[in-house]
Amino acid sequence: CVNSILNQTYKSLEIILVNDGSPDRCGEICEEYAEIDKRIKVIHKKNGGISDARNAGIEISKGNYITFIDSDDWIHEKYIETLYHLINSANADISICNFLKTSTEQKVDYTEEKTIYEYSNSEALQQLVGKYYLQMVVAWGKLYKSALFTNIRFPEGKVHEDEFIAYKLLYKAKKIVFTTEPLLYYWQRSDSIMGRGFVISHKLNQIEAYQERADFFDKIGESEL
């Protein structure tokens with residue numbers, strides 16, 4: 001994961017590694033990377049979960065744009081370059097790429113013709129119940145203008161944390177651009193949070209997020225969603 005970030009063709013990056021109370025050598029590995037690349041900042045914190053880790057990164061970030069990459073995924077070398085070009089050429093607030101699910105570390109060549117879609121915030125919200133629901137709702141695979149996170153943070157202690165804020169960010173954005181080109185490799189493992197199958201507390205979090213989203217749509221006059 002970290003190597004794929006360091007190998008980006010777009011070099012002007014602030015790279016924040018969050019060691020969320022890892023019980024193994026993650027903290028040491030983060031510091032080793034910081035020694036070899038001065039773009040890297042390391043946060044060591046008590047374990048608080050993925051939302052708390054992302055929020056900690058948001059708090060210290062200085063860039064005009066933010067992207068999130070989970071530590072078991074990795075990215076194409078042109079991930080940042082492509083998303084940065086898209087967000088600027090479309091004059092958008094969020095750019096989004098597609099992803100490939102994988103259980104190997106081998107790079108997969110994508111040969112299909114890519115399509116680029118431009119959405120208003122209302123059109124993007126409609127995709128939350130459409131073909132590209134997953135691409136729209138996950139936190140990763142996106143480049144955001146950092147200003148979107150003013151007064152918006154991930155809910156701590158929740159699973160399906162993306163579901164709680166994706167609609168708020170999409171609504172706050174004036175324009176969203178999406179490419180079907182997969183630039184993120186989404187690692188599939190059976191012991192991940194999403195790979196454990198049905199867990200009642202996880203489903204209750206998801207239902208809570210859906211209820212909050214429905215209430216939000218009512219509030220902004222988009223009740224059909």
# chains A, B, ... in the order shown; residues from 1 in each chain; ligands from 1
>>> residues_around(residues="Gly157 in chain A", least_positions_apart="4", cutoff="10 Å", atoms="only C-alpha atoms", output="JSON, numbers by chain")
{"A": [48, 49, 50, 51, 52, 161, 205]}
>>> select_by_dssp(residues="chain A", states="alpha helix (DSSP H)", output="ChimeraX atom specification")
/A:2-6,26-36,50-60,79-89,121-126,133-137,161-172,200-219
>>> atom_distance(atom1="CA of Asp70 in chain A", atom2="CA of Gly27 in chain A")
15.6 Å
>>> closest_residue(among="A:Pro182, A:Gly130, A:Lys174, A:His85", to="Asp109 in chain A", atoms="only C-alpha atoms")
A:Pro182
>>> residues_around(residues="Leu125 in chain A", least_positions_apart="2", cutoff="8 Å", atoms="only C-alpha atoms", output="MDAnalysis selection string")
chainID A and resid 121:123 127:129 167 170:171 225
>>> write_last_selection(atoms="all heavy atoms", output="compact mmCIF listing (two decimals), in the first residue's frame")
# COMPACT_ATOMS: atom_id res chain seq x y z
N ASN A 121 -24.59 17.62 -7.95
CA ASN A 121 -24.73 16.95 -6.66
C ASN A 121 -26.00 16.11 -6.60
O ASN A 121 -26.02 14.99 -6.06
CB ASN A 121 -24.65 17.94 -5.50
CG ASN A 121 -25.72 19.02 -5.56
OD1 ASN A 121 -26.46 19.15 -6.53
ND2 ASN A 121 -25.80 19.81 -4.51
N SER A 122 -27.09 16.61 -7.17
CA SER A 122 -28.35 15.88 -7.16
C SER A 122 -28.24 14.59 -7.98
O SER A 122 -28.74 13.53 -7.57
CB SER A 122 -29.48 16.76 -7.72
OG SER A 122 -30.71 16.06 -7.74
N GLU A 123 -27.57 14.67 -9.13
CA GLU A 123 -27.39 13.47 -9.98
C GLU A 123 -26.50 12.44 -9.29
O GLU A 123 -26.74 11.24 -9.40
CB GLU A 123 -26.80 13.88 -11.32
CG GLU A 123 -27.75 14.66 -12.20
CD GLU A 123 -27.07 15.31 -13.38
OE1 GLU A 123 -25.83 15.52 -13.34
OE2 GLU A 123 -27.76 15.64 -14.36
N GLN A 127 -27.17 8.34 -7.81
CA GLN A 127 -26.36 7.15 -8.01
C GLN A 127 -26.25 6.31 -6.74
O GLN A 127 -25.86 5.14 -6.79
CB GLN A 127 -24.97 7.53 -8.51
CG GLN A 127 -24.91 7.96 -9.96
CD GLN A 127 -25.39 6.87 -10.91
OE1 GLN A 127 -25.14 5.69 -10.70
NE2 GLN A 127 -26.09 7.28 -11.96
N LEU A 128 -26.59 6.89 -5.58
CA LEU A 128 -26.59 6.11 -4.34
C LEU A 128 -27.66 5.03 -4.35
O LEU A 128 -27.64 4.11 -3.53
CB LEU A 128 -26.79 7.03 -3.13
CG LEU A 128 -25.62 7.95 -2.76
CD1 LEU A 128 -26.00 8.87 -1.62
CD2 LEU A 128 -24.38 7.12 -2.39
N VAL A 129 -28.60 5.15 -5.27
CA VAL A 129 -29.59 4.09 -5.46
C VAL A 129 -29.52 3.60 -6.90
O VAL A 129 -30.50 3.12 -7.44
CB VAL A 129 -31.02 4.57 -5.11
CG1 VAL A 129 -31.16 4.75 -3.61
CG2 VAL A 129 -31.35 5.89 -5.82
N TYR A 167 -23.27 10.88 1.53
CA TYR A 167 -24.34 11.72 0.97
C TYR A 167 -24.15 13.19 1.34
O TYR A 167 -24.48 14.09 0.56
CB TYR A 167 -25.72 11.22 1.41
CG TYR A 167 -25.97 11.28 2.90
CD1 TYR A 167 -26.53 12.40 3.50
CD2 TYR A 167 -25.66 10.19 3.72
CE1 TYR A 167 -26.77 12.44 4.87
CE2 TYR A 167 -25.88 10.23 5.08
CZ TYR A 167 -26.44 11.35 5.65
OH TYR A 167 -26.66 11.40 7.00
N LEU A 170 -21.37 14.47 -1.04
CA LEU A 170 -21.88 14.60 -2.41
C LEU A 170 -22.82 15.79 -2.53
O LEU A 170 -22.79 16.53 -3.53
CB LEU A 170 -22.61 13.31 -2.82
CG LEU A 170 -21.73 12.07 -2.99
CD1 LEU A 170 -22.61 10.84 -3.24
CD2 LEU A 170 -20.72 12.23 -4.11
N TYR A 171 -23.66 16.00 -1.52
CA TYR A 171 -24.59 17.12 -1.55
C TYR A 171 -23.85 18.45 -1.47
O TYR A 171 -24.22 19.43 -2.13
CB TYR A 171 -25.59 17.01 -0.41
CG TYR A 171 -26.59 18.15 -0.36
CD1 TYR A 171 -27.59 18.27 -1.33
CD2 TYR A 171 -26.53 19.11 0.64
CE1 TYR A 171 -28.50 19.31 -1.30
CE2 TYR A 171 -27.43 20.16 0.68
CZ TYR A 171 -28.41 20.25 -0.30
OH TYR A 171 -29.30 21.30 -0.26
N LEU A 225 -35.65 10.15 -3.16
CA LEU A 225 -34.45 9.33 -2.97
C LEU A 225 -34.59 8.43 -1.75
O LEU A 225 -33.86 7.46 -1.61
CB LEU A 225 -33.21 10.22 -2.81
CG LEU A 225 -32.74 10.95 -4.08
CD1 LEU A 225 -31.61 11.91 -3.76
CD2 LEU A 225 -32.30 9.94 -5.14
>>> select_by_dssp(residues="range 16-158 of chain A", states="strand (DSSP E or B)", output="VMD selection string")
chain A and resid 16 to 20 40 to 45 65 to 66 74 to 75 94 to 102 116 to 120 142 to 145
>>> residues_around(residues="range 104-106 of chain A", least_positions_apart="2", cutoff="8 Å", atoms="only C-alpha atoms", output="short mmCIF file (atom, residue, chain, number, x, y, z; two decimals) with N, CA and C atoms, in the first residue's frame")
data_model
loop_
_atom_site.label_atom_id
_atom_site.label_comp_id
_atom_site.auth_asym_id
_atom_site.auth_seq_id
_atom_site.Cartn_x
_atom_site.Cartn_y
_atom_site.Cartn_z
N THR A 102 -9.41 -7.73 -5.79
CA THR A 102 -8.31 -8.65 -6.05
C THR A 102 -7.91 -9.38 -4.78
N VAL A 108 -3.27 -5.90 -12.41
CA VAL A 108 -4.16 -6.38 -13.47
C VAL A 108 -4.28 -5.28 -14.53
N TRP A 187 -8.45 -5.01 -1.87
CA TRP A 187 -8.02 -6.30 -1.38
C TRP A 187 -9.18 -7.06 -0.72
#
>>> closest_residue(among="A:Asp93, A:Glu181, A:Asp73, A:Glu163", to="Thr115 in chain A", atoms="only C-alpha atoms")
A:Glu181
>>> closest_residue(among="A:Asn64, A:Asn151, A:Thr180, A:Asn7", to="Glu113 in chain A", atoms="only C-alpha atoms")
A:Thr180
>>> closest_residue(among="A:Leu83, A:Ala56, A:Ile165, A:Ala147", to="Tyr210 in chain A", atoms="only C-alpha atoms")
A:Ile165
